[in-house]
Amino acid sequence: MCDDQTRIYYQHLKQGELWLQYCLNCQEHTFYPRSHCPGCLDQQLEWRKSQGQGRVYSYSIIHVQSLADDDVPYIYSLVTLDEGVRLATRIVDCSPEAVHVDMGVEMVVRAINGQLMPVFKPVAGLKSQA
Amino acid sequence: MKKKRALITGISELAPHKTAYGQKTLALLAESSRLAIEDAGLQKRDIDGLLVTPPSEDSAFMWPAQVAEYLQIKPVFLNMVELGGASAAGAVARAAMLVEAGICDNCLCLSGGVWDSQVFNTLEGKMSVMSQAEIDFELPYLPMGFNTGYALIARRHMHLYGTTPEQMAKIAVDQRFNALHNPLALFNQAPLTIEEVLQSLLITDPLHLLEIVRPCSGAAAAVVSRASSDMNTHRSVSVLGWGEACTHNSIVYSEEITISPVKESAQRAFAMAECGPADIDLVSLYDCYPITVLITLEDAGFCAKGEGGSFVARHNLTYQGDFPCNTHGGQLSMGQPSFAGGMSHIIEAVRQLRGEAGIRQVPQNRLAFVNGNGGVMSTESSLVLGRTEHV
């Protein structure tokens, strides 16, 4: 079912990198991958590597999961990247008690149920105060 | 207020059931149609418009024609209205347009069907209500369906405004009080306390089990008619205003998840009805979770943004209270039939405006605000309904 843009996105992830589309007209990043810029509906989109830095926008600790093949609890989250886009993800290497809105996070690629996905871990040390 | 020509003349609501008991969606729709047409004092041949929400089990292909054939009606306008939980309010709004434009005389709005309660617990079930983008970029992280979307809204609202779990739980508690006097409600056996809500299983933090709507089987219908001079209107209810708005599909891409399209849809409904929140006597607000009601109250203008928590804590939301809200118990106590069309909120508002709500009748019943909400606060359809004073 994957379209070309989605395929490119997941190919970059296999290299451990998060790439986003950038519209040359609007001069803005966009997410999720697509054929046309949602700002101007033009196709002047180029791929750029994300710095992988962002902040927790909101989160929910999932305690009950109806698809049985995953370990609860885990932290489902929306993260806003420094590039300005927001994506759904998980927060990893962080206890449910420690996660909070606006927490500084950085991207790592991990396998979830066998699929490589971008997830985010807390930024260590002083950087989280930035 | 300007004279409005669209009237809700007939309503019906079947008792929701936790399972389908072998019934089929078309049977439920036929039964609710019969009751609503009878309630309107009409004959089946008088129905010339059909607006129906999507089926749960049957093929959606040519669904309006499937329903028309089963009912043996010959509509001159027919359509499926697919706005998730905003579908029923959206259908009434469309029906109002159709009768005001002189295209239909009596438009039947149908919502409901059978529901397999396990459907969201399978991968196929989850995917059946997701866009391709959600399947590609959200499902791999295993959100718990709609529950998690609303949990994200609740968590951010708590962070920005200090909204508390107790404030959100109170909405479910007040609505349960209302349900105790509604024989149709699935959960009308025992009252609920805030402590019980907060001690129930934490599913997708901050949402507890008793804050999550229960899908079920059921159906409800409304007949929207063009007012005519020979009509006896003493039981009819006027569609005074409506508004609709959509800002996203997945909540991930909402500009600010604590602000919903209700802001736009309610403003439009009030402008058309030439009134405002202060004029409203009772509200019927789509409630898949308490946070949905809280956000709707803010965005419709009943209180300021961020003050929803203190508003619900300060007001008694029961039919005996100073701010009657979901006097039938809401979906949280009624159950959420089929694809959650949201018709029960409209039905209860009509009962109240007619003065036919029995023990739940509110003393002031001139104007009602109704809101339907689809997806994760994606698509909103607002109605202002009023007692028909004259036509």
# chains A, B, ... in the order shown; residues from 1 in each chain; ligands from 1
>>> residues_around(residues="range 165-170 of chain B", least_positions_apart="3", cutoff="6 Å", atoms="only C-alpha atoms", output="list in words")
Val173, Ile194, Pro290, Gly309 and Ala313 of chain B
>>> interface_residues(of="chain B", to="chain A", cutoff="12 Å", atoms="only C-alpha atoms", output="PyMOL selection string")
chain B and resi 118-126+131-145+147-160+201-209+248+250-258
>>> atom_distance(atom1="CA of Pro75 in chain B", atom2="CA of Leu108 in chain B")
9.4 Å
>>> residues_around(residues="Asn249 in chain B", least_positions_apart="3", cutoff="8 Å", atoms="only C-alpha atoms", output="ChimeraX atom specification")
/B:246,253,375-376,378-379
>>> select_by_dssp(residues="range 211-320 of chain B", states="alpha helix (DSSP H)", output="JSON, numbers by chain")
{"B": [262, 263, 264, 265, 266, 267, 268, 269, 270, 271, 272, 273, 290, 291, 292, 293, 294, 295, 296, 297, 298, 299, 308, 309, 310, 311, 312, 313, 314]}
>>> residues_around(residues="range 41-44 of chain A", least_positions_apart="3", cutoff="7 Å", atoms="only C-alpha atoms", output="number ranges by chain")
A: 23-25, 35-38
>>> write_last_selection(atoms="N, CA, C and O atoms", output="short mmCIF file (atom, residue, chain, number, x, y, z; two decimals), in the first residue's frame")
data_model
loop_
_atom_site.label_atom_id
_atom_site.label_comp_id
_atom_site.auth_asym_id
_atom_site.auth_seq_id
_atom_site.Cartn_x
_atom_site.Cartn_y
_atom_site.Cartn_z
N CYS A 23 9.21 22.09 1.58
CA CYS A 23 8.64 22.75 0.40
C CYS A 23 9.46 23.99 0.05
O CYS A 23 9.65 24.88 0.89
N LEU A 24 9.95 24.04 -1.17
CA LEU A 24 10.80 25.16 -1.59
C LEU A 24 9.99 26.43 -1.75
O LEU A 24 10.52 27.54 -1.59
N ASN A 25 8.70 26.32 -2.03
CA ASN A 25 7.84 27.50 -2.13
C ASN A 25 7.54 28.07 -0.74
O ASN A 25 7.73 29.26 -0.48
N SER A 35 2.67 13.61 -1.75
CA SER A 35 3.04 14.02 -3.10
C SER A 35 3.03 15.54 -3.25
O SER A 35 3.84 16.10 -3.98
N HIS A 36 2.08 16.20 -2.57
CA HIS A 36 1.90 17.64 -2.73
C HIS A 36 2.08 18.36 -1.39
O HIS A 36 1.63 17.86 -0.35
N CYS A 37 2.70 19.52 -1.42
CA CYS A 37 2.84 20.32 -0.20
C CYS A 37 1.44 20.72 0.30
O CYS A 37 0.65 21.25 -0.47
N PRO A 38 1.14 20.48 1.58
CA PRO A 38 -0.19 20.85 2.09
C PRO A 38 -0.37 22.36 2.20
O PRO A 38 -1.50 22.83 2.34
#
>>> residues_around(residues="range 45-48 of chain B", least_positions_apart="2", cutoff="12 Å", atoms="only C-alpha atoms", output="PyMOL selection string")
chain B and resi 9-10+33-34+36-38+40-43+50-51+68+71-78+95+98-99+102-109+222-226
>>> write_last_selection(atoms="N, CA, C and O atoms", output="short mmCIF file (atom, residue, chain, number, x, y, z; two decimals), in the first residue's frame")
data_model
loop_
_atom_site.label_atom_id
_atom_site.label_comp_id
_atom_site.auth_asym_id
_atom_site.auth_seq_id
_atom_site.Cartn_x
_atom_site.Cartn_y
_atom_site.Cartn_z
N THR B 9 -40.17 16.86 13.32
CA THR B 9 -41.56 16.51 13.62
C THR B 9 -41.70 15.12 14.23
O THR B 9 -42.74 14.80 14.82
N GLY B 10 -40.69 14.29 14.07
CA GLY B 10 -40.79 12.94 14.62
C GLY B 10 -39.44 12.44 15.08
O GLY B 10 -38.41 12.75 14.48
N SER B 33 -37.31 3.73 11.98
CA SER B 33 -38.03 4.52 10.96
C SER B 33 -39.54 4.50 11.23
O SER B 33 -40.21 5.53 11.21
N ARG B 34 -40.06 3.29 11.45
CA ARG B 34 -41.50 3.14 11.69
C ARG B 34 -41.94 4.03 12.87
O ARG B 34 -42.94 4.77 12.78
N ALA B 36 -40.42 6.68 14.20
CA ALA B 36 -40.25 8.12 13.99
C ALA B 36 -41.33 8.67 13.05
O ALA B 36 -41.85 9.78 13.27
N ILE B 37 -41.67 7.90 12.02
CA ILE B 37 -42.71 8.35 11.08
C ILE B 37 -44.06 8.42 11.79
O ILE B 37 -44.82 9.38 11.65
N GLU B 38 -44.31 7.41 12.62
CA GLU B 38 -45.55 7.39 13.43
C GLU B 38 -45.58 8.57 14.39
O GLU B 38 -46.61 9.25 14.53
N ALA B 40 -44.23 11.39 14.02
CA ALA B 40 -44.44 12.63 13.25
C ALA B 40 -45.89 12.74 12.76
O ALA B 40 -46.27 13.78 12.20
N GLY B 41 -46.67 11.69 12.95
CA GLY B 41 -48.05 11.69 12.44
C GLY B 41 -48.10 11.60 10.93
O GLY B 41 -49.05 12.07 10.29
N LEU B 42 -47.06 10.99 10.35
CA LEU B 42 -46.98 10.89 8.89
C LEU B 42 -47.19 9.44 8.44
O LEU B 42 -47.23 8.52 9.27
N GLN B 43 -47.33 9.27 7.14
CA GLN B 43 -47.34 7.94 6.53
C GLN B 43 -45.99 7.74 5.85
O GLN B 43 -45.32 8.70 5.48
N LEU B 50 -33.96 10.88 2.28
CA LEU B 50 -33.34 9.87 3.16
C LEU B 50 -31.87 10.21 3.38
O LEU B 50 -31.09 10.28 2.43
N LEU B 51 -31.50 10.43 4.64
CA LEU B 51 -30.10 10.66 5.00
C LEU B 51 -29.75 9.62 6.04
O LEU B 51 -30.39 9.53 7.09
N ALA B 68 -33.35 2.43 1.36
CA ALA B 68 -34.62 2.83 0.74
C ALA B 68 -35.39 1.60 0.25
O ALA B 68 -36.61 1.51 0.40
N LEU B 71 -36.87 -0.30 3.24
CA LEU B 71 -38.02 0.43 3.80
C LEU B 71 -39.14 0.60 2.76
O LEU B 71 -40.23 1.02 3.12
N GLN B 72 -38.82 0.31 1.51
CA GLN B 72 -39.76 0.57 0.41
C GLN B 72 -40.26 2.01 0.43
O GLN B 72 -41.46 2.28 0.55
N ILE B 73 -39.28 2.91 0.37
CA ILE B 73 -39.61 4.33 0.20
C ILE B 73 -38.96 4.79 -1.10
O ILE B 73 -38.02 4.14 -1.59
N LYS B 74 -39.46 5.89 -1.66
CA LYS B 74 -38.94 6.39 -2.92
C LYS B 74 -38.46 7.83 -2.76
O LYS B 74 -39.14 8.76 -3.18
N PRO B 75 -37.30 8.00 -2.16
CA PRO B 75 -36.81 9.36 -1.91
C PRO B 75 -36.41 10.08 -3.20
O PRO B 75 -35.95 9.45 -4.14
N VAL B 76 -36.60 11.40 -3.21
CA VAL B 76 -36.13 12.21 -4.34
C VAL B 76 -34.77 12.85 -4.02
O VAL B 76 -34.20 13.57 -4.83
N PHE B 77 -34.29 12.62 -2.79
CA PHE B 77 -32.92 12.99 -2.43
C PHE B 77 -32.45 11.97 -1.41
O PHE B 77 -33.15 11.70 -0.43
N LEU B 78 -31.29 11.36 -1.65
CA LEU B 78 -30.78 10.38 -0.70
C LEU B 78 -29.27 10.47 -0.63
O LEU B 78 -28.62 10.80 -1.62
N ALA B 95 -30.82 17.91 6.22
CA ALA B 95 -32.27 17.79 6.05
C ALA B 95 -32.93 19.16 6.14
O ALA B 95 -33.86 19.48 5.38
N LEU B 98 -32.46 20.87 2.92
CA LEU B 98 -33.30 20.28 1.87
C LEU B 98 -34.74 20.76 1.96
O LEU B 98 -35.37 21.06 0.94
N VAL B 99 -35.28 20.81 3.18
CA VAL B 99 -36.68 21.23 3.28
C VAL B 99 -36.81 22.75 3.11
O VAL B 99 -37.78 23.23 2.51
N GLY B 102 -36.94 23.60 -0.42
CA GLY B 102 -38.12 23.13 -1.13
C GLY B 102 -37.89 21.85 -1.91
O GLY B 102 -38.70 21.47 -2.76
N ILE B 103 -36.79 21.18 -1.64
CA ILE B 103 -36.49 19.94 -2.37
C ILE B 103 -37.23 18.75 -1.75
O ILE B 103 -37.75 17.91 -2.46
N CYS B 104 -37.28 18.72 -0.42
CA CYS B 104 -38.01 17.65 0.26
C CYS B 104 -39.07 18.25 1.19
O CYS B 104 -38.90 19.37 1.69
N ASP B 105 -40.13 17.47 1.42
CA ASP B 105 -41.13 17.86 2.43
C ASP B 105 -40.83 17.20 3.77
O ASP B 105 -40.95 17.82 4.82
N ASN B 106 -40.46 15.94 3.72
CA ASN B 106 -40.19 15.18 4.96
C ASN B 106 -38.97 14.31 4.75
O ASN B 106 -38.99 13.35 3.98
N CYS B 107 -37.90 14.65 5.44
CA CYS B 107 -36.63 13.96 5.27
C CYS B 107 -36.37 13.08 6.49
O CYS B 107 -36.36 13.55 7.62
N LEU B 108 -36.14 11.80 6.22
CA LEU B 108 -35.88 10.83 7.29
C LEU B 108 -34.37 10.76 7.53
O LEU B 108 -33.60 10.45 6.63
N CYS B 109 -33.96 11.05 8.78
CA CYS B 109 -32.55 10.96 9.17
C CYS B 109 -32.38 9.73 10.05
O CYS B 109 -33.00 9.63 11.11
N ALA B 222 -34.83 10.65 13.18
CA ALA B 222 -35.54 11.93 13.29
C ALA B 222 -36.13 12.26 11.91
O ALA B 222 -35.50 12.00 10.89
N VAL B 223 -37.36 12.80 11.91
CA VAL B 223 -37.96 13.27 10.68
C VAL B 223 -37.91 14.79 10.67
O VAL B 223 -38.34 15.44 11.65
N VAL B 224 -37.31 15.35 9.62
CA VAL B 224 -37.25 16.81 9.48
C VAL B 224 -38.23 17.21 8.36
O VAL B 224 -38.14 16.70 7.24
N SER B 225 -39.15 18.10 8.70
CA SER B 225 -40.24 18.45 7.77
C SER B 225 -40.26 19.95 7.49
O SER B 225 -39.84 20.76 8.32
N ARG B 226 -40.79 20.29 6.31
CA ARG B 226 -40.99 21.71 6.00
C ARG B 226 -42.29 22.16 6.64
O ARG B 226 -43.33 21.53 6.45
#
>>> closest_residue(among="A:Ile91, A:Asp71, A:Leu81, A:Glu97", to="Leu18 in chain A", atoms="only C-alpha atoms")
A:Leu81
>>> residues_around(residues="Leu26 in chain B", least_positions_apart="5", cutoff="10 Å", atoms="only C-alpha atoms", output="ChimeraX atom specification")
/B:31-32,55,58,66-67,70-71,112-114,219
>>> select_by_dssp(residues="chain A", states="strand (DSSP E)", output="CSV table (one decimal) with C-alpha atoms, in the first residue's frame")
chain,number,residue,atom,x,y,z
A,19,TRP,CA,14.2,12.6,6.8
A,20,LEU,CA,11.4,15.1,6.2
A,21,GLN,CA,10.0,16.8,3.1
A,22,TYR,CA,10.7,20.5,2.7
A,23,CYS,CA,8.6,22.8,0.4
A,28,GLU,CA,8.5,24.8,5.5
A,29,HIS,CA,8.9,21.2,6.4
A,30,THR,CA,6.0,18.9,6.2
A,45,LEU,CA,9.1,19.0,-2.2
A,46,GLU,CA,12.7,18.0,-1.4
A,47,TRP,CA,14.0,15.6,1.2
A,48,ARG,CA,16.1,17.0,4.0
A,49,LYS,CA,17.6,15.2,7.0
A,53,GLN,CA,15.6,17.2,18.2
A,54,GLY,CA,12.2,18.1,19.6
A,55,ARG,CA,9.9,18.5,22.5
A,56,VAL,CA,7.1,16.4,24.0
A,57,TYR,CA,3.8,18.0,22.9
A,58,SER,CA,1.5,15.6,24.7
A,59,TYR,CA,1.6,12.0,25.8
A,60,SER,CA,-0.4,9.1,27.2
A,61,ILE,CA,0.9,6.1,29.1
A,62,ILE,CA,-0.8,3.1,27.7
A,74,TYR,CA,4.6,2.3,27.3
A,75,ILE,CA,4.6,6.1,26.5
A,76,TYR,CA,2.8,7.0,23.4
A,77,SER,CA,3.5,10.6,22.5
A,78,LEU,CA,3.2,13.5,20.1
A,79,VAL,CA,6.5,15.2,19.6
A,80,THR,CA,7.1,18.6,17.9
A,81,LEU,CA,10.4,18.6,16.0
A,86,ARG,CA,4.6,17.2,14.8
A,87,LEU,CA,4.5,13.4,14.7
A,88,ALA,CA,3.2,10.5,16.7
A,89,THR,CA,5.8,8.4,18.3
A,90,ARG,CA,6.9,6.8,21.6
A,91,ILE,CA,9.2,8.1,24.3
A,104,GLY,CA,13.4,17.9,25.4
A,105,VAL,CA,13.8,14.7,23.4
A,106,GLU,CA,16.0,13.3,20.6
A,107,MET,CA,15.4,10.7,18.0
A,108,VAL,CA,16.6,7.2,17.9
A,109,VAL,CA,15.5,4.4,15.6
A,110,ARG,CA,14.2,1.3,17.4
A,111,ALA,CA,12.2,-1.7,16.4
A,112,ILE,CA,8.6,-1.9,17.6
A,115,GLN,CA,9.3,-2.6,12.5
A,116,LEU,CA,12.0,0.1,12.6
A,117,MET,CA,10.4,3.3,13.8
A,118,PRO,CA,11.6,6.7,14.9
A,119,VAL,CA,11.2,7.0,18.7
A,120,PHE,CA,12.5,9.6,21.1
A,121,LYS,CA,14.5,9.6,24.3
A,122,PRO,CA,15.0,12.3,26.9
>>> atom_distance(atom1="CA of Gly372 in chain B", atom2="CA of Tyr286 in chain B")
5.2 Å
>>> closest_residue(among="B:Ala101, B:Leu14, B:Leu7, B:Leu282", to="Ala27 in chain B", atoms="only C-alpha atoms")
B:Leu14
>>> atom_distance(atom1="CA of Glu307 in chain B", atom2="CA of His345 in chain B")
23.5 Å
>>> closest_residue(among="A:Cys40, A:Val123, A:Ile8, A:Gly84", to="Val99 in chain A", atoms="only C-alpha atoms")
A:Val123
>>> closest_residue(among="B:Lys18, B:Leu180, B:Asp287, B:Val239", to="Ile212 in chain B", atoms="only C-alpha atoms")
B:Asp287
